[in-house]
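Structure file protein03.cif (mmCIF, N, CA and C atoms) follows.
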```
data_work
loop_
_atom_site.label_atom_id
_atom_site.label_comp_id
_atom_site.auth_asym_id
_atom_site.auth_seq_id
_atom_site.Cartn_x
_atom_site.Cartn_y
_atom_site.Cartn_z
N GLN C 1 -31.52 -20.62 48.50
CA GLN C 1 -31.30 -19.36 47.80
C GLN C 1 -32.12 -19.35 46.52
N VAL C 2 -32.69 -18.18 46.21
CA VAL C 2 -33.54 -18.05 45.03
C VAL C 2 -32.81 -17.25 43.97
N GLU C 3 -32.68 -17.81 42.83
CA GLU C 3 -32.13 -17.10 41.67
C GLU C 3 -32.86 -17.60 40.44
N LEU C 4 -33.85 -16.87 40.04
CA LEU C 4 -34.66 -17.29 38.90
C LEU C 4 -33.93 -17.01 37.59
N VAL C 5 -33.89 -18.02 36.75
CA VAL C 5 -33.22 -17.89 35.47
C VAL C 5 -34.15 -18.41 34.38
N GLU C 6 -34.47 -17.53 33.44
CA GLU C 6 -35.34 -17.90 32.32
C GLU C 6 -34.49 -18.35 31.13
N SER C 7 -35.09 -19.18 30.31
CA SER C 7 -34.46 -19.59 29.06
C SER C 7 -35.55 -19.93 28.05
N GLY C 8 -35.15 -20.07 26.81
CA GLY C 8 -36.09 -20.51 25.78
C GLY C 8 -36.59 -19.42 24.86
N GLY C 9 -36.22 -18.18 25.11
CA GLY C 9 -36.65 -17.12 24.22
C GLY C 9 -35.96 -17.23 22.88
N GLY C 10 -36.40 -16.41 21.93
CA GLY C 10 -35.79 -16.43 20.62
C GLY C 10 -36.64 -15.67 19.63
N SER C 11 -36.30 -15.86 18.36
CA SER C 11 -37.02 -15.19 17.27
C SER C 11 -37.77 -16.23 16.46
N VAL C 12 -39.03 -15.98 16.23
CA VAL C 12 -39.86 -16.89 15.43
C VAL C 12 -40.76 -16.08 14.53
N GLN C 13 -41.31 -16.74 13.54
CA GLN C 13 -42.30 -16.09 12.68
C GLN C 13 -43.68 -16.25 13.31
N ALA C 14 -44.57 -15.37 12.91
CA ALA C 14 -45.94 -15.44 13.40
C ALA C 14 -46.51 -16.83 13.12
N GLY C 15 -47.21 -17.35 14.11
CA GLY C 15 -47.76 -18.69 13.99
C GLY C 15 -46.87 -19.76 14.60
N GLY C 16 -45.64 -19.39 14.91
CA GLY C 16 -44.71 -20.35 15.47
C GLY C 16 -44.90 -20.54 16.96
N SER C 17 -44.01 -21.35 17.55
CA SER C 17 -44.10 -21.70 18.96
C SER C 17 -42.75 -21.55 19.64
N LEU C 18 -42.81 -21.28 20.92
CA LEU C 18 -41.64 -21.28 21.78
C LEU C 18 -42.06 -21.81 23.14
N ARG C 19 -41.11 -22.41 23.84
CA ARG C 19 -41.37 -22.82 25.22
C ARG C 19 -40.33 -22.17 26.12
N LEU C 20 -40.81 -21.35 27.02
CA LEU C 20 -39.95 -20.71 28.00
C LEU C 20 -39.84 -21.60 29.24
N SER C 21 -38.67 -21.57 29.86
CA SER C 21 -38.44 -22.30 31.09
C SER C 21 -37.90 -21.35 32.15
N CYS C 22 -38.16 -21.69 33.39
CA CYS C 22 -37.64 -20.89 34.50
C CYS C 22 -37.25 -21.84 35.63
N ALA C 23 -36.02 -21.70 36.11
CA ALA C 23 -35.53 -22.55 37.18
C ALA C 23 -34.88 -21.68 38.26
N GLY C 24 -34.54 -22.33 39.37
CA GLY C 24 -33.85 -21.62 40.44
C GLY C 24 -34.75 -21.11 41.54
N PHE C 25 -35.88 -21.78 41.74
CA PHE C 25 -36.87 -21.27 42.69
C PHE C 25 -36.48 -21.46 44.15
N GLY C 26 -35.69 -22.45 44.47
CA GLY C 26 -35.41 -22.70 45.87
C GLY C 26 -36.69 -22.93 46.64
N ASP C 27 -36.77 -22.38 47.83
CA ASP C 27 -37.94 -22.59 48.68
C ASP C 27 -39.20 -21.92 48.15
N THR C 28 -39.07 -20.98 47.22
CA THR C 28 -40.25 -20.29 46.71
C THR C 28 -41.07 -21.17 45.78
N TYR C 29 -40.54 -22.33 45.43
CA TYR C 29 -41.28 -23.18 44.49
C TYR C 29 -42.63 -23.56 45.05
N ASN C 30 -42.72 -23.71 46.35
CA ASN C 30 -44.00 -24.05 46.97
C ASN C 30 -44.67 -22.83 47.59
N GLY C 31 -44.34 -21.66 47.05
CA GLY C 31 -44.96 -20.44 47.52
C GLY C 31 -46.39 -20.28 47.02
N VAL C 32 -46.94 -19.11 47.21
CA VAL C 32 -48.35 -18.88 46.90
C VAL C 32 -48.60 -18.98 45.40
N CYS C 33 -47.72 -18.39 44.61
CA CYS C 33 -47.92 -18.43 43.16
C CYS C 33 -46.61 -18.21 42.44
N MET C 34 -46.59 -18.53 41.16
CA MET C 34 -45.47 -18.24 40.29
C MET C 34 -46.02 -18.07 38.88
N GLY C 35 -45.23 -17.49 38.03
CA GLY C 35 -45.73 -17.32 36.67
C GLY C 35 -44.87 -16.40 35.84
N TRP C 36 -45.52 -15.80 34.84
CA TRP C 36 -44.81 -15.05 33.80
C TRP C 36 -45.39 -13.66 33.60
N PHE C 37 -44.47 -12.73 33.38
CA PHE C 37 -44.81 -11.37 32.98
C PHE C 37 -44.11 -11.09 31.67
N ARG C 38 -44.50 -10.00 31.03
CA ARG C 38 -43.77 -9.54 29.86
C ARG C 38 -43.76 -8.03 29.84
N GLN C 39 -42.78 -7.49 29.14
CA GLN C 39 -42.66 -6.05 29.08
C GLN C 39 -42.06 -5.64 27.75
N VAL C 40 -42.66 -4.63 27.18
CA VAL C 40 -42.18 -3.99 25.96
C VAL C 40 -41.60 -2.64 26.36
N PRO C 41 -40.49 -2.23 25.78
CA PRO C 41 -39.92 -0.92 26.14
C PRO C 41 -40.95 0.19 26.05
N GLY C 42 -41.02 1.01 27.09
CA GLY C 42 -41.94 2.13 27.11
C GLY C 42 -43.32 1.78 27.63
N LYS C 43 -43.53 0.51 27.94
CA LYS C 43 -44.84 0.09 28.45
C LYS C 43 -44.68 -0.55 29.81
N GLU C 44 -45.79 -0.63 30.53
CA GLU C 44 -45.77 -1.27 31.83
C GLU C 44 -45.61 -2.78 31.69
N ARG C 45 -44.99 -3.36 32.70
CA ARG C 45 -44.89 -4.82 32.73
C ARG C 45 -46.28 -5.38 32.99
N GLU C 46 -46.63 -6.43 32.26
CA GLU C 46 -47.97 -7.01 32.41
C GLU C 46 -47.88 -8.50 32.73
N GLY C 47 -48.79 -8.91 33.59
CA GLY C 47 -48.88 -10.32 33.91
C GLY C 47 -49.45 -11.10 32.74
N VAL C 48 -48.84 -12.21 32.41
CA VAL C 48 -49.26 -13.04 31.29
C VAL C 48 -49.98 -14.29 31.78
N ALA C 49 -49.37 -14.99 32.69
CA ALA C 49 -49.94 -16.24 33.18
C ALA C 49 -49.44 -16.49 34.60
N ARG C 50 -50.28 -17.13 35.36
CA ARG C 50 -49.95 -17.41 36.75
C ARG C 50 -50.47 -18.78 37.13
N VAL C 51 -49.70 -19.49 37.93
CA VAL C 51 -50.18 -20.76 38.49
C VAL C 51 -50.06 -20.67 40.00
N ASP C 52 -51.13 -20.96 40.68
CA ASP C 52 -51.13 -20.91 42.13
C ASP C 52 -50.70 -22.24 42.73
N ARG C 53 -50.47 -22.20 44.03
CA ARG C 53 -49.98 -23.40 44.73
C ARG C 53 -50.89 -24.59 44.51
N ASP C 54 -52.18 -24.33 44.41
CA ASP C 54 -53.14 -25.44 44.25
C ASP C 54 -53.28 -25.90 42.81
N GLY C 55 -52.49 -25.28 41.91
CA GLY C 55 -52.51 -25.70 40.52
C GLY C 55 -53.45 -24.90 39.63
N THR C 56 -54.21 -24.02 40.21
CA THR C 56 -55.11 -23.20 39.39
C THR C 56 -54.29 -22.26 38.52
N THR C 57 -54.70 -22.15 37.27
CA THR C 57 -53.98 -21.30 36.33
C THR C 57 -54.83 -20.12 35.89
N TYR C 58 -54.15 -19.03 35.56
CA TYR C 58 -54.82 -17.81 35.11
C TYR C 58 -54.02 -17.23 33.95
N TYR C 59 -54.74 -16.61 33.03
CA TYR C 59 -54.10 -16.02 31.85
C TYR C 59 -54.74 -14.67 31.53
N ILE C 60 -53.95 -13.79 30.90
CA ILE C 60 -54.59 -12.61 30.35
C ILE C 60 -55.36 -13.05 29.10
N MET C 61 -56.39 -12.28 28.79
CA MET C 61 -57.30 -12.67 27.72
C MET C 61 -56.57 -12.85 26.39
N SER C 62 -55.59 -12.02 26.13
CA SER C 62 -54.95 -12.03 24.81
C SER C 62 -54.14 -13.29 24.53
N VAL C 63 -53.84 -14.10 25.56
CA VAL C 63 -53.05 -15.32 25.33
C VAL C 63 -53.85 -16.59 25.61
N LYS C 64 -55.06 -16.45 26.09
CA LYS C 64 -55.88 -17.63 26.39
C LYS C 64 -56.06 -18.47 25.14
N GLY C 65 -55.88 -19.76 25.30
CA GLY C 65 -56.01 -20.68 24.18
C GLY C 65 -54.75 -20.83 23.36
N ARG C 66 -53.78 -19.96 23.60
CA ARG C 66 -52.51 -20.04 22.86
C ARG C 66 -51.32 -20.37 23.78
N PHE C 67 -51.35 -19.87 24.99
CA PHE C 67 -50.26 -20.10 25.95
C PHE C 67 -50.72 -21.07 27.02
N THR C 68 -49.79 -21.87 27.51
CA THR C 68 -50.07 -22.79 28.60
C THR C 68 -48.95 -22.72 29.62
N ILE C 69 -49.32 -22.46 30.86
CA ILE C 69 -48.34 -22.44 31.95
C ILE C 69 -48.38 -23.80 32.64
N SER C 70 -47.21 -24.31 32.99
CA SER C 70 -47.15 -25.61 33.65
C SER C 70 -45.90 -25.68 34.52
N LYS C 71 -45.89 -26.68 35.38
CA LYS C 71 -44.76 -26.88 36.29
C LYS C 71 -44.32 -28.34 36.23
N ASP C 72 -43.04 -28.54 36.36
CA ASP C 72 -42.48 -29.88 36.54
C ASP C 72 -42.01 -29.93 37.99
N ASN C 73 -42.81 -30.56 38.83
CA ASN C 73 -42.51 -30.55 40.26
C ASN C 73 -41.24 -31.33 40.60
N ALA C 74 -40.95 -32.34 39.85
CA ALA C 74 -39.75 -33.13 40.12
C ALA C 74 -38.49 -32.31 39.84
N LYS C 75 -38.54 -31.53 38.77
CA LYS C 75 -37.38 -30.73 38.38
C LYS C 75 -37.45 -29.31 38.93
N ARG C 76 -38.61 -28.93 39.46
CA ARG C 76 -38.82 -27.57 39.97
C ARG C 76 -38.58 -26.53 38.88
N ILE C 77 -39.19 -26.78 37.75
CA ILE C 77 -39.08 -25.88 36.62
C ILE C 77 -40.48 -25.41 36.22
N LEU C 78 -40.57 -24.15 35.90
CA LEU C 78 -41.80 -23.54 35.42
C LEU C 78 -41.69 -23.35 33.92
N TYR C 79 -42.79 -23.62 33.22
CA TYR C 79 -42.77 -23.49 31.76
C TYR C 79 -43.87 -22.54 31.30
N LEU C 80 -43.65 -22.00 30.12
CA LEU C 80 -44.70 -21.29 29.40
C LEU C 80 -44.63 -21.74 27.95
N GLN C 81 -45.56 -22.57 27.56
CA GLN C 81 -45.65 -23.01 26.18
C GLN C 81 -46.44 -21.96 25.41
N MET C 82 -45.83 -21.41 24.39
CA MET C 82 -46.46 -20.34 23.62
C MET C 82 -46.65 -20.81 22.18
N ASN C 83 -47.89 -20.96 21.79
CA ASN C 83 -48.24 -21.40 20.43
C ASN C 83 -48.94 -20.27 19.69
N SER C 84 -49.01 -20.42 18.38
CA SER C 84 -49.70 -19.42 17.54
C SER C 84 -49.25 -18.01 17.89
N LEU C 85 -47.96 -17.84 17.96
CA LEU C 85 -47.41 -16.55 18.38
C LEU C 85 -47.74 -15.46 17.38
N LYS C 86 -47.93 -14.27 17.92
CA LYS C 86 -48.28 -13.09 17.12
C LYS C 86 -47.21 -12.02 17.33
N PRO C 87 -47.07 -11.11 16.38
CA PRO C 87 -46.08 -10.02 16.56
C PRO C 87 -46.29 -9.26 17.86
N GLU C 88 -47.54 -9.13 18.29
CA GLU C 88 -47.80 -8.39 19.53
C GLU C 88 -47.37 -9.14 20.78
N ASP C 89 -46.93 -10.38 20.64
CA ASP C 89 -46.36 -11.12 21.77
C ASP C 89 -44.89 -10.78 21.98
N THR C 90 -44.31 -10.04 21.06
CA THR C 90 -42.91 -9.65 21.18
C THR C 90 -42.70 -8.85 22.46
N ALA C 91 -41.77 -9.30 23.30
CA ALA C 91 -41.52 -8.65 24.59
C ALA C 91 -40.38 -9.38 25.29
N MET C 92 -39.93 -8.78 26.38
CA MET C 92 -39.06 -9.48 27.31
C MET C 92 -39.96 -10.19 28.29
N TYR C 93 -39.73 -11.48 28.47
CA TYR C 93 -40.56 -12.29 29.36
C TYR C 93 -39.79 -12.59 30.64
N PHE C 94 -40.46 -12.36 31.76
CA PHE C 94 -39.87 -12.56 33.08
C PHE C 94 -40.66 -13.62 33.85
N CYS C 95 -39.98 -14.48 34.57
CA CYS C 95 -40.69 -15.32 35.51
C CYS C 95 -40.57 -14.69 36.90
N ALA C 96 -41.53 -15.00 37.72
CA ALA C 96 -41.58 -14.43 39.06
C ALA C 96 -42.29 -15.39 39.99
N ALA C 97 -42.02 -15.24 41.27
CA ALA C 97 -42.68 -16.04 42.29
C ALA C 97 -42.81 -15.18 43.54
N GLY C 98 -43.88 -15.43 44.28
CA GLY C 98 -44.03 -14.61 45.47
C GLY C 98 -45.22 -15.01 46.30
N GLY C 99 -45.53 -14.10 47.23
CA GLY C 99 -46.61 -14.33 48.16
C GLY C 99 -47.89 -13.65 47.74
N LEU C 100 -48.77 -13.48 48.72
CA LEU C 100 -50.11 -13.01 48.43
C LEU C 100 -50.14 -11.63 47.77
N GLU C 101 -49.27 -10.72 48.20
CA GLU C 101 -49.32 -9.37 47.63
C GLU C 101 -48.93 -9.37 46.17
N LEU C 102 -47.87 -10.06 45.82
CA LEU C 102 -47.47 -10.13 44.41
C LEU C 102 -48.55 -10.84 43.61
N CYS C 103 -49.02 -11.96 44.13
CA CYS C 103 -50.02 -12.73 43.40
C CYS C 103 -51.28 -11.91 43.15
N GLY C 104 -51.66 -11.14 44.13
CA GLY C 104 -52.85 -10.31 43.99
C GLY C 104 -52.71 -9.20 42.98
N SER C 105 -51.48 -8.79 42.71
CA SER C 105 -51.25 -7.70 41.76
C SER C 105 -50.91 -8.21 40.37
N TRP C 106 -50.94 -9.49 40.18
CA TRP C 106 -50.38 -10.11 38.96
C TRP C 106 -50.96 -9.53 37.68
N PHE C 107 -52.26 -9.33 37.64
CA PHE C 107 -52.90 -8.85 36.40
C PHE C 107 -53.37 -7.41 36.53
N GLY C 108 -52.80 -6.71 37.49
CA GLY C 108 -53.14 -5.30 37.65
C GLY C 108 -51.88 -4.46 37.65
N SER C 109 -51.75 -3.60 38.63
CA SER C 109 -50.55 -2.78 38.77
C SER C 109 -49.49 -3.63 39.45
N VAL C 110 -48.59 -4.12 38.65
CA VAL C 110 -47.63 -5.11 39.12
C VAL C 110 -46.71 -4.54 40.19
N ARG C 111 -46.56 -5.26 41.27
CA ARG C 111 -45.67 -4.85 42.35
C ARG C 111 -44.30 -5.48 42.12
N LYS C 112 -43.47 -4.79 41.36
CA LYS C 112 -42.16 -5.32 41.03
C LYS C 112 -41.20 -5.32 42.22
N ASP C 113 -41.60 -4.63 43.28
CA ASP C 113 -40.76 -4.61 44.48
C ASP C 113 -41.00 -5.84 45.35
N LEU C 114 -41.95 -6.66 44.98
CA LEU C 114 -42.29 -7.84 45.77
C LEU C 114 -41.82 -9.11 45.08
N GLY C 115 -41.60 -10.13 45.85
CA GLY C 115 -41.30 -11.45 45.30
C GLY C 115 -39.92 -11.53 44.69
N TYR C 116 -39.77 -12.55 43.87
CA TYR C 116 -38.50 -12.84 43.21
C TYR C 116 -38.70 -12.80 41.71
N TRP C 117 -37.71 -12.26 41.01
CA TRP C 117 -37.82 -12.06 39.57
C TRP C 117 -36.56 -12.57 38.88
N GLY C 118 -36.76 -13.09 37.67
CA GLY C 118 -35.63 -13.41 36.83
C GLY C 118 -35.19 -12.21 36.02
N GLN C 119 -34.14 -12.39 35.23
CA GLN C 119 -33.60 -11.30 34.42
C GLN C 119 -34.30 -11.15 33.09
N GLY C 120 -35.06 -12.13 32.72
CA GLY C 120 -35.84 -12.04 31.49
C GLY C 120 -35.22 -12.78 30.32
N THR C 121 -36.08 -13.16 29.39
CA THR C 121 -35.65 -13.76 28.13
C THR C 121 -36.46 -13.11 27.01
N GLN C 122 -35.78 -12.75 25.93
CA GLN C 122 -36.42 -11.98 24.87
C GLN C 122 -37.16 -12.89 23.90
N VAL C 123 -38.36 -12.49 23.56
CA VAL C 123 -39.16 -13.18 22.54
C VAL C 123 -39.46 -12.18 21.44
N ALA C 124 -39.14 -12.54 20.21
CA ALA C 124 -39.40 -11.67 19.07
C ALA C 124 -40.19 -12.44 18.03
N VAL C 125 -41.33 -11.92 17.65
CA VAL C 125 -42.20 -12.58 16.68
C VAL C 125 -42.34 -11.67 15.47
N SER C 126 -41.94 -12.17 14.32
CA SER C 126 -42.01 -11.38 13.11
C SER C 126 -43.22 -11.78 12.27
N SER C 127 -43.73 -10.82 11.54
CA SER C 127 -44.94 -11.07 10.73
C SER C 127 -44.56 -11.59 9.35
#
```

Target format structure tokens, applied to this file:
Amino acid sequence: QVELVESGGGSVQAGGSLRLSCAGFGDTYNGVCMGWFRQVPGKEREGVARVDRDGTTYYIMSVKGRFTISKDNAKRILYLQMNSLKPEDTAMYFCAAGGLELCGSWFGSVRKDLGYWGQGTQVAVSS
């Protein structure tokens, strides 16, 4: 059974760090891809980082060099290490996992009807 649960969100000042975790993947842990999205009220959900089954990672340009996506295969936990946080990183962060269709839409028009999603964890960055 798949029930994705995120944790690790919170409030930090600009320049600070947070590490998000996501567990509960079940059989989807070895699926095509998994990763993180974020959403601000009134805006579309956007893909932030993705890791594919082969370990290849992808990031949106605005977080490259600051965020790192990783997996702990023994614990089946997905992480997002977020450093040098900026106020514009403030959002609800969701983890997700899925197959080719979701993975292909990760950094475009997100297919929220596909794959598995967590309930989100809030990140707030103050200036």

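The shortest atom-to-atom distance to Gly104 of chain C, with only C-alpha atoms taken into account, belongs to C:Arg50 out of C:Arg50, C:Leu20, C:Gln1, C:Thr28.
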
**Request:** With the file shown as input, list the residues that the PyMOL selection byres (((chain C and resi 111 and name CA) around 12) and name CA) selects, as a PyMOL selection string.
**Result:** chain C and resi 37+44-47+96-110+112-117

**Request:** Using the chain letters and numbering of this document, enumerate as a PyMOL selection string the residues selected by the PyMOL selection byres ((chain C and resi 21-26) around 6).
**Result:** chain C and resi 1-8+19-20+27-29+76-80

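Within segment 46-89 of chain C, the backbone-based DSSP assignment of strand (DSSP E or B) covers Glu46, Gly47, Val48, Ala49, Arg50, Val51, Asp52, Thr57, Tyr58, Tyr59, Phe67, Thr68, Ile69, Ser70, Lys71, Asp72, Ile77, Leu78, Tyr79, Leu80, Gln81 and Met82 of chain C.
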
**Prompt:** Taking the file as shown, what set of residues would the PyMOL selection byres (((chain C and resi 32 and name CA) around 6) and name CA) give back, as a ChimeraX atom specification?
**Reply:** /C:31,33,52-53,99

**Complete:** note - atom CA of Tyr58 of chain C and atom CA of Trp36 of chain C are separated by 10.5 Å

**Prompt:** Interatomic distance between atom CA of Lys86 of chain C and atom CA of Lys71 of chain C?
**Reply:** 23.9 Å

Emit as JSON the padded axis-aligned box for all listed atoms of segment 101-117 of chain C, 5 Å per side, with centre and edge lengths in Å to one decimal.
```
{"center_x": -45.0, "center_y": -7.8, "center_z": 42.3, "size_x": 26.8, "size_y": 20.1, "size_z": 21.8}
```
